[in-house]
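Chemist: I'd like to ask some things about the structure below.
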Amino acid sequence: MLPSEEAYDLLDLTREIAERELAPRAAEFESRGEFPRGVLRTVGRAGLLGLVYPESDGGGGQPYETYLQVLEILAGSWLAIAEAVSVHTLSCFPVAAYGSERQRKLLPEMLAGDLLGAYCLSEPQGGSDAANLSTRAVRVGDDYVVSGTKAWITHAGHADFYNVFCRTGGPGASGISCLLADADTPGLLPQKPERTMGLRSGPPAQIVFDNAHVAADRLIGGEGVGFRIAMQALDAGRLGIAACAVGLAQAAVDYAAGYAREREQFDRPIAEFQGVSFLLADMATQVSAARALTLAAARLKDAGRPFSVEAAKAKLFATDMAMRVTTDAVQVLGGYGYVADHPVERWFREAKVLQIVEGTNQIQRLVIGRSLTRA
Ligand SMILES: Cc1cc2nc3c(=O)[nH]c(=O)nc-3n(C[C@H](O)[C@H](O)[C@H](O)COP(=O)(O)OP(=O)(O)OC[C@H]3O[C@@H](n4cnc5c(N)ncnc54)[C@H](O)[C@@H]3O)c2cc1C
């Protein structure tokens, strides 16, 4: 069940794009490690890069429940594209929710995907403990002068705008602010891409800020509110990662089931062995459970109800599930699952990152645990 007729059309369009534009290109771009900016432009032209933002800002005006099912379809064809859509959507949040009138003028281009976004929170010394970040911004005249290093930044070197979470005040969360920096800011220096296990067409990179001057009117939401902006963006972003996990795992189940129907051993299809069919049954059941948890959290958000803890549960469950299911998919293919001739080998490598990004699954457990143990 989808929330509107329009949502059915949107999912049909997404399936068409996934089949025509994504699926035929994914393996090659991944093996070449080539960033798919052109494919992202196509996805943007179809309206998929600003789906959850109001139509009055140039967005799609869609509920999260629909957006997450779009992500699921994209992830089933090419995880790096789904992840890029999720990261870009997250990167539009600071301006959309906290931006000044002047900053909001950029929204139509951002939401159409003409301007690609990046979200710069993590640092080499501070990943999980983000409130401890050390990139500093000092006000000098009409500018902030930014110095420090951001790490693991998706779209580094390809993005047109960067949300830079930096320290303008004292220690802790209350000293953090968010600046909107353009890619051509002098002193904003993307480094060499990381050599990653998966997502090779969109690897993250460090960004060095070497006395980068960002105009003071690019401060989003005022000094000291940066951490609140960062955490709110991540709450919603985690739903996106959960949906990516569901889509990746569904693709693995479908592929493994198809293989099991074709592959014969002992003179019959391996699908006829209970050891294989029960494995497939457990895989499919876990995917359905993760999808239900993810969409339930999305419906809370769409209804304007608190959803952070439910988003953490969805991210934790769905991404652990994707790791298990893609591992089992390799098992169903036997030796053929271990080589790059079949996509399950790539999906297995890709699933791992989902347990790490946007708060590791230990951090999700921390969020859930705190909600249970704090009055
Ligand atoms: C492919 C990729 C893309 C990424 N994209 C972005 C991006 O676009 N923007 C961005 O800002 N960041 C991005 N990240 C960074 C990502 O969010 C961090 O890697 C993640 O938050 C973990 O930080 P860390 O790597 O420093 O690990 P650490 O924080 O050093 O953690 C190491 C281990 O310790 C555990 N741990 C830490 N603290 C606790 C605790 N309190 N309790 C229990 N266990 C704990 C962690 O769970 C983990 O297992 C990306 C990372 C990857 C790999």
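Scheme for the structure tokens: letters A, B, ... for chains in order shown; per-chain residue numbers from 1; ligand numbers from 1 in order shown.
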Residues at most 12 Å from His158 (chain A), counting only C-alpha atoms, excluding those fewer than 5 positions away in the same chain, as a ChimeraX atom specification?
Modeler: /A:34-38,40,84,88,114-118,153,182-184,189-193,201-205,207
Chemist: Kindly assemble as CSV a list of the region 48-82 of chain A residues that lie within 12 Å of region 313-337 of chain A, each paired with its nearest atom pair and their distance in Å to one decimal, using only C-alpha atoms, sorted first by chain and then by ascending residue number.
Modeler:
residue,atom,partner,partner_atom,distance
A:Leu68,CA,A:Ala314,CA,12.0
A:Glu72,CA,A:Ala318,CA,11.6
A:Ala75,CA,A:Ala322,CA,11.6
A:Gly76,CA,A:Ala322,CA,11.6
Chemist: Select from region 90-305 of chain A everything DSSP, run on the backbone, classes as strand (DSSP E or B), then give the selection as a PyMOL selection string.
Modeler: chain A and resi 117-120+123+126+136-140+143-153+161-167+176-182+188-193+205-215+219-220+264-265+268-269
Chemist: Please, which residues have at least one atom within 8 Å of an atom of ligand 1, using only C-alpha atoms and all ligand atoms, listed as number ranges by chain?
Modeler: A: 87, 118-130, 150-155, 196, 198-199, 203-204, 353, 356-363, 366
Chemist: Those residues you just picked out, can you put them in a file as a PDB file, in the first residue's frame with C-alpha atoms?
Modeler:
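So again_37.pdb came out as:
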ATOM      1  CA  VAL A  87      23.525  11.824   1.114  1.00  0.00           C
ATOM      2  CA  ALA A 118      28.129  16.967   0.697  1.00  0.00           C
ATOM      3  CA  TYR A 119      27.817  16.694   4.460  1.00  0.00           C
ATOM      4  CA  CYS A 120      31.063  17.243   6.360  1.00  0.00           C
ATOM      5  CA  LEU A 121      30.801  16.118   9.973  1.00  0.00           C
ATOM      6  CA  SER A 122      33.371  13.332  10.529  1.00  0.00           C
ATOM      7  CA  GLU A 123      37.038  14.053  11.150  1.00  0.00           C
ATOM      8  CA  PRO A 124      40.128  11.823  11.266  1.00  0.00           C
ATOM      9  CA  GLN A 125      40.129  11.922  15.098  1.00  0.00           C
ATOM     10  CA  GLY A 126      36.367  12.203  15.630  1.00  0.00           C
ATOM     11  CA  GLY A 127      33.838   9.910  13.986  1.00  0.00           C
ATOM     12  CA  SER A 128      31.374   8.554  16.526  1.00  0.00           C
ATOM     13  CA  ASP A 129      32.207  11.314  19.014  1.00  0.00           C
ATOM     14  CA  ALA A 130      31.145  14.036  16.591  1.00  0.00           C
ATOM     15  CA  LYS A 150      37.172  16.532   7.521  1.00  0.00           C
ATOM     16  CA  ALA A 151      37.269  12.786   6.829  1.00  0.00           C
ATOM     17  CA  TRP A 152      35.228  10.245   4.876  1.00  0.00           C
ATOM     18  CA  ILE A 153      33.276  12.864   2.960  1.00  0.00           C
ATOM     19  CA  THR A 154      30.993  11.345   0.329  1.00  0.00           C
ATOM     20  CA  HIS A 155      31.031  13.439  -2.893  1.00  0.00           C
ATOM     21  CA  THR A 196      37.260   1.411  -0.337  1.00  0.00           C
ATOM     22  CA  GLY A 198      32.793  -1.275  -1.876  1.00  0.00           C
ATOM     23  CA  LEU A 199      30.993   1.795  -3.269  1.00  0.00           C
ATOM     24  CA  PRO A 203      34.415   6.663  -2.513  1.00  0.00           C
ATOM     25  CA  PRO A 204      34.738   9.249   0.245  1.00  0.00           C
ATOM     26  CA  VAL A 353      29.478   0.044   4.801  1.00  0.00           C
ATOM     27  CA  ILE A 356      29.176   1.984   9.576  1.00  0.00           C
ATOM     28  CA  VAL A 357      27.853   5.165   7.918  1.00  0.00           C
ATOM     29  CA  GLU A 358      25.598   7.774   9.547  1.00  0.00           C
ATOM     30  CA  GLY A 359      26.399   6.411  12.996  1.00  0.00           C
ATOM     31  CA  THR A 360      27.816   2.917  13.417  1.00  0.00           C
ATOM     32  CA  ASN A 361      25.427   0.241  14.610  1.00  0.00           C
ATOM     33  CA  GLN A 362      27.040   0.486  18.060  1.00  0.00           C
ATOM     34  CA  ILE A 363      25.989   4.145  18.120  1.00  0.00           C
ATOM     35  CA  LEU A 366      23.573   3.616  22.252  1.00  0.00           C
TER      36      LEU A 366
END
Chemist: Which residues, written as a PyMOL selection string, have at least one atom at most 9 Å from region 78-80 of chain A, with only C-alpha atoms counted and residues fewer than 4 positions away on the same chain left out?
Modeler: chain A and resi 18+22-23+25-27+30+36+73-74+84-85+198-203+244-245+247-248+347+350
Chemist: Need the shell around Val146 (chain A): protein/DNA/RNA residues with any atom at most 6 Å away, counting only C-alpha atoms. Skip same-chain ones fewer than 4 positions apart. Format as a ChimeraX atom specification?
Modeler: /A:136-137,209,211-212
